[in-house]
Structures are given as structure tokens and as C-alpha cells.
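Below is one structure, written out as C-alpha cells; comments come after it.
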Amino acid sequence: MAVTLSERAARHVANYMVKRGKGIGLRLAVRTSGCSGMAYKLEFADTTQPDDVEFESHGVRVLVDPKSMPYLDGTELDYAREGLNEGFKFNNPNVKDACGCGESFNV
Amino acid sequence: MALLQIAEPGESAAPHEHRLAVGIDLGTTNSLVATVRSGLAVVLRDELGRPLLPSVVRYLPDGSCQVGYEAQARQALDPRNAIASVKRFMGRGIADIANHESMPYVFQDGPGMLRMHTVAGLKSPVEVSADILRVLRLRAEAALGGALVGAVITVPAYFDEAQRQATKDAAQLAGLPVLRLLNEPTAAAIAYGLDNAAEGVYAVYDLGGGTFDISILRLSRGIFEVLATGGDSALGGDDFDHRIFCWIIEAADLKPLSVEDASMLLARAREAKEYLTVHGAAPISGRLSSGEIVDLTLTTEIFAEISQTLVAKTMQPVKKALRDAGLSVGEVKGVVMVGGATRMSQVQRAVGEFFRQDPLNNLDPDKVVAIGAATQANLLAGNRAAGDDWLLLDVIPLSLGLETMGGLVEKIIPRNSTIPTARAQEFTTFRDGQTALAIHVVQGERELVSDCRSLARFELRGIPPMVAGAARIRVSFQVDADGLLAVTAREQTSGVEASIVVKPSYGLSDDEIAGMLKDSITHVRDDAQQRALKESQVDAQRLLEAVRAALAADAELLAADELARVHNAIARLEAAALADNRRQIMLAMDDLEADTKDFAARRMDKSIRRAFAGRNINELDSDAAATTTGEHA
């Protein structure tokens with residue numbers, strides 16, 4: 001079981017963390033979102049929870065709660081640029097289909 | 001696939017509910033738009049990666065316009081239709097504009113605010129600014145992938161009501177909701193995090209392309225108070241270019257130049273200036289149309305010497321502003337550098353020597369105002385972190401008051417009151433049997449009405465006849481968070497009331513404003529409705545697909561009657577999505593969501609059971625139910 005960051009994503013996270021001035025790492029999670037979909041959560045982490053699953057990827061500490069883990073296992077978080085827009089992107093092998101914008105998905 | 005940003009702990013937005021907000025530095029020479037991404041304020045660039053948008057709008061015969069670099073490039077060829085530095089005209093009449101006769105534009109003095117004749121028709125400064133803001137709005141929407149909830153737009157600290165209102169009107173015309181207007185020096189101070197720093201007095205030294213502003217701010221309890229402002233509206237980086245240009249002519253001993261040669265050398269002069277910010281000497285070379293070759297080297301020492309008087313010229317307003325604020329140099333806790341021209345080492349040095357401390361200059365001085373505005377916009381849009389719930393307050397720059405007998409000003413709200421604010425004062429009648437009272441709202445620090453700026457006039461009628469001095473007329477002034485004023489007068493015994501909102505204080509009548517705004521607003525509304533409909537149709541399809549996929553996978557989780565109900569709701573939504581009624585679509589979506597909520601929970605349980613097969617299901621089950629939030633994508 002693993003959740004990883006691409007090198008580019010890790011570089012951006014590290015940069016944001018420095019500018020933010022606090023935090024221990026990055027927290028990835030999923031939550032149910034309405035009828036049948038789920039949505040990602042991507043947050044700075046200031047604390048760990050006792051049952052967090054922890055990973056380290058390119059120097060960034062990644063925390064995932066155990067309930068989200070089955071949905072995120074194998075995910076690589078990447079940083080992408082699309083036209084003028086840029087941001088983080090979940091490459092998640094568990095996803096069967098996603099909504100048009102990719103913000104919510106099915107497993 | 002959506003690109004996500006990192007949220008503060010516990011602050012993740014629901015899908016499709018990100019609150020996108022930007023800060024806009026609507027500058028005299030250049031404008032910028034910035035936003036906060038993953039907690040970090042960044043300036044948004046155009047397709048070619050350029051952060052700045054030159055504040056130039058060129059109107060074309062077909063009624064369209066070019067904005068930015070394209071317009072700037074045509075400025076020399078089409079000066080009358082390429083409007084630059086329009087910020088100087090905002091909320092101003094011809095009488096307010098110095099040297100208007102030397103400008104290439106064909107002005108027409110309107111009632112209050114001037115207009116310019118262009119090939120695309122008569123344009124007010126508000127419309128020109130709106131064209132700039134529209135380009136920035138589109139850039140931001142493309143970069144953030146959605147509609148904006150609003151923008152914080154910066155204005156100079158010395159802008160009066162008329163200029164602020166004109167700026168707001170321009171944003172409205174551009175289809176940009178204004179979260180608030182923010183003073184430029186305050187925005188720069190926010191960018192440096194001074195709002196979280198120690199209380200005290202700060203100076204903001206802003207040397208832009210064509211204008212110089214100095215502001216003295218006091219920070220106390222999270223409030224920035226503008227103690228004094230000053231500057232020179234005809235002094236900026238361009239003057240330094242010109243000094244270099246003159247030096248080139250002198251040093252190379254050139255004869256009078258053609259227009260092309262002059263503009264080529266001026267461009268070389270600017271390049272040399274920029275080169276000198278990081279190098280000790282700059283080569284200047286070029287071939288004139290006569291074939292003559294210019295080949296010179298400008299050192300920082302020579303540059304400092306030839307521009308010495310310009311640097312000294314900025315220090316005069318600095319001294320005056322400090323004097324106005326009643327402060328000495330030693331009382332200034334920090335100095336913020338704003339504007340590209342502050343990159344010049346001789347400027348840095350002069351400011352450092354004057355204030356006897358190193359100025360704050362580690363942020364890009366071109367971007368610092370936009371970055372501060374974006375930071376504030378992010379907070380105002382509600383994207384704040386827990387415990388970060390401060391809201392920066394601003395102050396009104398000039399006192400607001402009323403004309404009283406004898407042409408005197410009675411100040412109701414003194415300058416530097418924090419906004420929003422409301423103050424009231426009681427007045428009475430002057431004559432026996434007086435049934436009306438004229439109320440003249442003015443702005444300024446002077447005692448005489450004739451020395452202040454007139455903002456609005458209205459009358460309170462229907463006061464019951466009484467002896468002089470018996471009526472009690474309560475006049476209240478309310479200033480909202482943008483510094484805009486509403487005045488109400490109420491006779492207390494009879495309850496008669498009259499009020500006015502000071503908006504077109506630059507003298508445009510409501511009809512004129514309405515006419516000007518009407519087209520764009522009708523279109524804005526149409527566009528917005530159209531977009532909302534389209535969005536809900538897309539959402540409906542998304543929902544339908546998701547439910548169908550879920551049914552295909554897990555239909556056995558539903559009892560026959562439940563399944564029928566879901567199918568029924570699907571059919572209703574399919575029908576609604578084909579029609580043009582957004583409300584029907586929303587209702588049908590709500591129904592389908594309600595009918596599938598249990599289904600979703602059961603699917604979640606099922607997949608968790610699958611995932612945690614062999615572990616204690618009951619324990620996981622109750623946890624999982626608690627995390628089901630029921631939000632919809």
C-alpha cells in the first residue's frame with residue numbers, strides 16, 4: 001500500500017509549506033459526496049491522528065486516514081499545468097469513472 | 001480533470017464550490033491580477049507568461065477594442081484612440097486634469113466626468129477601465145477554472161468618493177463583483193505581512209511608471225490608518241528613462257532625431273535602466289536611420305548622477321507627508337517599496353538613507369500591491385483558516401460633513417474613521433415655520449464649503465411648521481466597507497425622512513449611468529443566466545451518469561420499490577435537463593439525490609466491508625456512516 005507524490009508535486013508542496021511557515025506535511029483523504037461519488041480532500045497537515053497511515057515521498061510527509069486508504073492506495077499526486085490553470089492532480093488507479101471535471105469520482 | 005489546490009486543515013471546499021477570488025491592482029501604467037493558490041498569493045500571467053497588463057485600451061472602428069501590449073504597441077500610430085493612463089481621469093472633469101490640452105485625446109467635458117471621443121464612440125474613463133478589468137477577469141477565470149465570487153480592487157489612498165465610485169462602476173461594467181476597494185499602500189503592507197507585525201508607523205514609497213505616491217500608515221489593533229499621503233502625479237520611472245535618453249544624445253553628440261530614432265533610443269534607455277538594477281554598467285548600442293552608430297556604456301555612477309534631481313524630487317513629498325502626519329523619521333518603523341522604479345539602486349539608497357533603515361524590498365515591487373489585494377480577497381471570500389478570522393479594516397481618507405449656515409462645514413465623520421461606520425448628528429431649523437431643509441454633503445478637511453468637494457445635495461421636505469430651533473432633524477451618515485456613503489435626514493417628531501446614496505458624485509445623472517450600465521448589465525444578466533442554466537444541465541448529466549453507473553454496479557442493494565423510485569427520479573431529471581428551466585432541473589436533481597442517498601450510504605458500507613474484509617465490520621460501519629456528509633458534486 002502506498003501513496004506517493006511526483007517529484008514536481010513534492011517540490012511545489014515543499015515550497016508552499018515553507019511559505020506557509022508551519023505544518024508537518026500533507027493530508028490526502030476522500031469523502032463521500034452525494035449520490036454515488038466521492039471527492040478528494042487535499043490539505044496541509046498540522047497534526048497527525050493516531051491511526052493515520054504515513055508515507056514519505058520526495059521528502060514530504062503524507063498522511064492518509066485509514067478509511068480513505070482503500071480508495072487512495074496506489075495514487076500518485078502530480079502537479080500539472082493546463083493552459084493558464086495549474087494545480088495538483090490525483091492519478092488514482094482505483095477510479096473507475098470521474099465526473100467531467102474530475103473533482104468527484106467512483107471506485 | 002480538475003486541478004486542486006491545497007487547503008488549510010478542515011477547510012477543503014466541497015467539489016465545485018471553490019470560492020475563487022482575486023486581487024486586482026488597477027494601475028495607471030500597468031494592471032495585474034493575483035490570487036491565492038495553496039495558501040500562496042501569486043500573480044496570474046497571460047498566455048505568453050507576462051504578469052503585467054499595460055493599462056492601455058485602443059478602440060477600433062468596429063466598436064471592439066484591444067487591451068494591453070497590443071494596444072500599447074499601436075499607441076504611437078493611433079494616439080487618439082489608444083487611451084493610456086485613464087486612471088488619471090477617473091471621476092474627474094476636464095478642470096481637474098492638468099495639461100489636458102497637451103494630451104492626444106479629444107475630450108468632451110461631461111457633467112462632472114469627462115469623456116473621450118474615439119472611433120468607437122464617446123468613452124468615459126469608467127468604460128475604459130472596465131475594458132481593462134474585463135481582460136483581467138477573463139484571465140483569472142481561465143487560470144482558476146471557474147467564475148469569480150469577487151475581487152478586491154486597489155485604489156490610491158488619496159482617491160476621493162467620486163474616484164472610488166467610478167472604480168466600482170468600472171468593475172460592475174466589467175462583470176466583476178467587488179468584494180471591497182482597498183488602499184494601495186495598505187495592500188502593499190498586507191503583502192509584507194505587516195498586518196500581523198508589530199503596531200507602529202509604516203511608510204509606503206510607491207514609485208511607478210509615471211506617478212509617485214508616498215503614504216504614511218499607522219497600524220494599530222489590526223487597523224491601518226492613513227496618516228498622510230503625498231506624491232507627484234507627474235514623476236515616475238519614465239522620467240528616469242528620459243534622463244538616460246538625454247544623456248545618450250549628449251554623450252553621442254546626436255543631431256535632432258526622427259520620431260523612429262527617438263523611440264528606438266528611448267527603448268534602449270529603458271533597457272539600460274533595467275539592466276543597471278542588477279549590473280554595474282549597461283551597454284547602449286543602436287543604429288540610427290542615418291546609419292550612424294551609437295555605442296555607449298552607462299555606469300551606475302553616471303546614472304545616479306544624472307538622475308539625482310529626480311530622486312531628490314521624491315524626497316520632498318516624503319518630508320511633507322511626515323510633517324503632515326506630525327512624525328519624525330525616527331518614528332517610522334518600516335518602509336515598504338512599491339513600483340518597478342524602486343528597483344533602481346540609487347532610489348533604494350536614497351530611501352534607506354532618509355529613513356535610516358533598509359527598506360522592505362524582497363517582494364517584487366511591481367506585484368506587491370496585487371499580492372496584498374489577493375490575500376485580502378481570499379479572506380473576504382471566506383477561504384480563511386481557522387483562527388485566522390481577522391478582517392482588515394480600512395479608514396476613510398477625507399472627512400465627510402454637511403454644509404451649515406454661512407457656508408461652513410460641519411464634519412460628521414472625521415477622516416481616518418474606520419469603515420464601515422455610521423455617525424449621526426442633530427440639526428434644527430433656522431427660521432420659524434421652516435418646512436424644508438437643504439442638505440449639502442461635502443468631503444474634505446477645510447472649514448469652508450467652497451474649499452471642499454461637493455458630493456451630493458438633497459432636501460428634506462414636509463417638516464411640520466414650528467418655531468425656529470424646535471425641529472429635531474437627525475442626519476446620519478453611513479459609510480460601507482468600500483468607503484461609499486449613504487446620508488439620511490429624519491425629522492424626529494414627525495418622522496419625515498429623506499435620504500441619498502452618494503454614488504454618481506462625479507456628476508453623472510442616474511439616467512446617464514443607467515443608460516451606460518444598462519446594456520452591459522442586461523447582457524451580464526443574460527450571460528449569467530445562460531451560464532447558470534448550462535451549468536445545471538451539465539450537473540444534471542453528471543449526476544445521471546453517476547447514478548446509472550452506481551445502479552449498474554450495485555442495483556441489488558435496492559429493494560424493488562426503491563429501485564422503481566430511483567428510476568422514476570432519473571426519468572424526471574432526464575426530462576427536466578432537456579428543457580430550459582434551471583429551477584426544474586435543480587428540483588429534479590434534489591429529488592434524485594434524496595432518492596439515492598440511502599443507496600449511496602449502502603454502497604459506501606459495502607465497499608468498506610469489502611476493503612476491510614476480515615476486520616470488525618460493526619465498528620467500521622458506524623464510523624463510515626458518520627463520515628457520510630451527503631454533499632453532492
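FYI, nothing fancy with the C-alpha cells labels: chains A, B, ... in order, residues from 1 per chain, ligands from 1 as they appear.
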
query: Where does DSSP see helix (DSSP H, G or I) in chain A, if you list the residues as an MDAnalysis selection string?
result: chainID A and resid 7:20 69:72

Suppose we keep C-alpha atoms; can you now write the selection as a PDB file, in the first residue's frame?
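After the write, out02.pdb holds the following:
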ATOM      1  CA  GLU A   7       8.844  14.896  -7.806  1.00  0.00           C
ATOM      2  CA  ARG A   8       7.247  18.008  -9.251  1.00  0.00           C
ATOM      3  CA  ALA A   9       4.314  17.823  -6.856  1.00  0.00           C
ATOM      4  CA  ALA A  10       6.685  17.349  -3.930  1.00  0.00           C
ATOM      5  CA  ARG A  11       8.651  20.409  -4.954  1.00  0.00           C
ATOM      6  CA  HIS A  12       5.511  22.541  -5.032  1.00  0.00           C
ATOM      7  CA  VAL A  13       4.277  21.176  -1.711  1.00  0.00           C
ATOM      8  CA  ALA A  14       7.641  21.861  -0.102  1.00  0.00           C
ATOM      9  CA  ASN A  15       7.572  25.399  -1.466  1.00  0.00           C
ATOM     10  CA  TYR A  16       4.041  26.042  -0.193  1.00  0.00           C
ATOM     11  CA  MET A  17       4.969  24.632   3.201  1.00  0.00           C
ATOM     12  CA  VAL A  18       7.948  26.963   3.506  1.00  0.00           C
ATOM     13  CA  LYS A  19       5.816  29.983   2.587  1.00  0.00           C
ATOM     14  CA  ARG A  20       3.085  28.874   4.963  1.00  0.00           C
ATOM     15  CA  MET A  69      -6.762   4.425   2.341  1.00  0.00           C
ATOM     16  CA  PRO A  70      -8.559   1.777   0.236  1.00  0.00           C
ATOM     17  CA  TYR A  71      -9.655   4.468  -2.193  1.00  0.00           C
ATOM     18  CA  LEU A  72      -6.261   6.124  -2.442  1.00  0.00           C
TER      19      LEU A  72
END

message: I'd like the contact shell of B:Phe212 - 6 Å cut-off, only C-alpha atoms, skipping same-chain residues fewer than 6 positions apart - returned as a list in words.
response: Asp206, Gly231, Asp232, Leu235 and Gly236 of chain B

Keeping only N, CA and C atoms, write the selected residues as a PDB file, in the first residue's frame.
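Result went into result32.pdb, see below:
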ATOM      1  N   ASP B 206       5.998  54.529  -3.184  1.00  0.00           N
ATOM      2  CA  ASP B 206       5.490  53.891  -4.407  1.00  0.00           C
ATOM      3  C   ASP B 206       5.885  54.719  -5.625  1.00  0.00           C
ATOM      4  N   GLY B 231       2.764  63.065  -2.873  1.00  0.00           N
ATOM      5  CA  GLY B 231       3.344  62.487  -4.071  1.00  0.00           C
ATOM      6  C   GLY B 231       3.457  63.488  -5.187  1.00  0.00           C
ATOM      7  N   ASP B 232       3.688  62.949  -6.364  1.00  0.00           N
ATOM      8  CA  ASP B 232       3.843  63.767  -7.547  1.00  0.00           C
ATOM      9  C   ASP B 232       3.236  62.960  -8.687  1.00  0.00           C
ATOM     10  N   LEU B 235       5.689  62.119 -11.972  1.00  0.00           N
ATOM     11  CA  LEU B 235       7.065  61.709 -11.716  1.00  0.00           C
ATOM     12  C   LEU B 235       7.093  60.192 -11.584  1.00  0.00           C
ATOM     13  N   GLY B 236       7.912  59.554 -12.395  1.00  0.00           N
ATOM     14  CA  GLY B 236       7.966  58.100 -12.320  1.00  0.00           C
ATOM     15  C   GLY B 236       9.140  57.549 -13.089  1.00  0.00           C
TER      16      GLY B 236
END

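Distances from A:Pro66, A:Gly59, A:Gly87, A:Gly25 to chain B were compared using only C-alpha atoms, and the smallest one belongs to A:Gly87.
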
- prompt: Would you give me, as number ranges by chain, the residues in chain A that DSSP reads as strand (DSSP E or B)?
  reply: A: 4-5, 25-33, 37-45, 53-57, 60-64, 76-82, 85-91, 97-98, 104-106

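Taking atom CA of A:Asn92 as the reference point, atom CA of B:Ala601 is found at 22.0 Å.
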
- request: Find the spatial neighbours of B:Ala120, counting only C-alpha atoms, within a cut-off of 10 Å - ignore same-chain residues fewer than 3 positions away - and output them as a PyMOL selection string.
  value: chain B and resi 58-65+81+117+123

query: Of the residues A:Leu5, A:Val30, A:Leu77, A:Leu84, which is the one nearest to chain B, using only C-alpha atoms?
result: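 For chain B, the nearest of the given residues is A:Leu84.
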
All residues 8 Å or closer to B:Thr29, only C-alpha atoms, same chain fewer than 5 positions away omitted, as a compact mmCIF listing (two decimals) with N, CA and C atoms, in the first residue's frame:
# COMPACT_ATOMS: atom_id res chain seq x y z
N PRO B 54 -0.44 46.14 -19.64
CA PRO B 54 -0.36 47.60 -19.75
C PRO B 54 -1.78 48.19 -19.73
N SER B 55 -1.96 49.25 -18.94
CA SER B 55 -3.29 49.85 -18.82
C SER B 55 -3.56 50.76 -20.01
N VAL B 56 -3.60 50.15 -21.19
CA VAL B 56 -3.84 50.90 -22.42
C VAL B 56 -4.97 50.20 -23.16
N ALA B 84 -4.30 55.73 -22.75
CA ALA B 84 -3.38 55.27 -21.71
C ALA B 84 -3.60 56.10 -20.44
N SER B 85 -3.16 55.56 -19.32
CA SER B 85 -3.23 56.27 -18.04
C SER B 85 -4.62 56.80 -17.74
N GLY B 208 6.01 54.45 -9.41
CA GLY B 208 5.56 53.66 -10.54
C GLY B 208 6.14 54.18 -11.84
N GLY B 209 5.48 53.80 -12.95
CA GLY B 209 5.97 54.23 -14.25
C GLY B 209 5.85 55.73 -14.44
N GLY B 210 4.72 56.29 -14.00
CA GLY B 210 4.51 57.71 -14.23
C GLY B 210 4.05 58.49 -13.02

statement: Taken to one decimal, the atom CA of B:Ala76-atom CA of B:Ser31 distance is 20.2 Å

message: So that I can check the surroundings of B:Asp295, please list as a count of residues only every protein, DNA and RNA residue that reaches within 8 Å of it, counting only C-alpha atoms and ignoring chain neighbours fewer than 4 positions away.
response: 5

query: Near B:Ala41, counting only C-alpha atoms, which residues have an atom at most 6 Å away, once you skip same-chain residues fewer than 4 positions from it, shown as number ranges by chain?
result: B: 35-36, 371

- request: Identify, on the basis of only C-alpha atoms, every residue whose closest approach to stretch 334-342 of chain B does not exceed 7 Å; exclude the query and any residue fewer than 2 positions from it along the same chain; express the result as a ChimeraX atom specification.
  value: /B:189,202-209,237,332,344,347-348,359-361,365-366,368

Just write the chosen residues, N, CA and C atoms, as a tab-separated table (two decimals), in the first residue's frame.
chain	number	residue	atom	x	y	z
B	189	ALA	N	1.29	46.85	2.37
B	189	ALA	CA	1.64	46.50	3.75
B	189	ALA	C	1.15	45.09	4.07
B	202	TYR	N	4.25	52.99	9.46
B	202	TYR	CA	4.97	52.49	8.29
B	202	TYR	C	4.84	53.48	7.14
B	203	ALA	N	5.88	53.57	6.34
B	203	ALA	CA	5.83	54.42	5.15
B	203	ALA	C	5.80	53.52	3.92
B	204	VAL	N	4.98	53.88	2.95
B	204	VAL	CA	4.93	53.13	1.70
B	204	VAL	C	5.37	54.08	0.59
B	205	TYR	N	6.52	53.75	-0.01
B	205	TYR	CA	7.13	54.58	-1.04
B	205	TYR	C	6.84	53.91	-2.38
B	206	ASP	N	6.00	54.53	-3.18
B	206	ASP	CA	5.49	53.89	-4.41
B	206	ASP	C	5.88	54.72	-5.63
B	207	LEU	N	6.94	54.28	-6.29
B	207	LEU	CA	7.40	54.96	-7.50
B	207	LEU	C	7.07	54.07	-8.69
B	208	GLY	N	6.01	54.45	-9.41
B	208	GLY	CA	5.56	53.66	-10.54
B	208	GLY	C	6.14	54.18	-11.84
B	209	GLY	N	5.48	53.80	-12.95
B	209	GLY	CA	5.97	54.23	-14.25
B	209	GLY	C	5.85	55.73	-14.44
B	237	GLY	N	9.15	56.25	-13.26
B	237	GLY	CA	10.25	55.57	-13.93
B	237	GLY	C	10.50	56.11	-15.32
B	332	VAL	N	9.25	56.13	12.24
B	332	VAL	CA	8.80	55.20	11.20
B	332	VAL	C	9.44	53.84	11.43
B	344	MET	N	15.63	50.60	-8.83
B	344	MET	CA	16.87	51.34	-9.10
B	344	MET	C	17.65	51.51	-7.81
B	347	VAL	N	17.57	54.80	-5.91
B	347	VAL	CA	16.33	55.06	-5.19
B	347	VAL	C	16.35	54.32	-3.85
B	348	GLN	N	16.74	53.03	-3.92
B	348	GLN	CA	16.84	52.24	-2.69
B	348	GLN	C	17.75	52.94	-1.67
B	359	PRO	N	14.95	49.59	3.44
B	359	PRO	CA	13.54	49.41	3.11
B	359	PRO	C	13.21	47.94	2.84
B	360	LEU	N	11.93	47.59	3.01
B	360	LEU	CA	11.46	46.24	2.69
B	360	LEU	C	11.34	46.14	1.18
B	361	ASN	N	12.12	45.24	0.59
B	361	ASN	CA	12.12	45.17	-0.87
B	361	ASN	C	12.27	43.75	-1.39
B	365	PRO	N	8.42	44.53	-6.51
B	365	PRO	CA	7.69	45.78	-6.27
B	365	PRO	C	6.57	46.04	-7.28
B	366	ASP	N	6.63	45.37	-8.44
B	366	ASP	CA	5.54	45.51	-9.40
B	366	ASP	C	4.30	44.75	-8.93
B	368	VAL	N	3.58	43.71	-5.60
B	368	VAL	CA	3.29	43.68	-4.17
B	368	VAL	C	1.86	44.15	-3.86
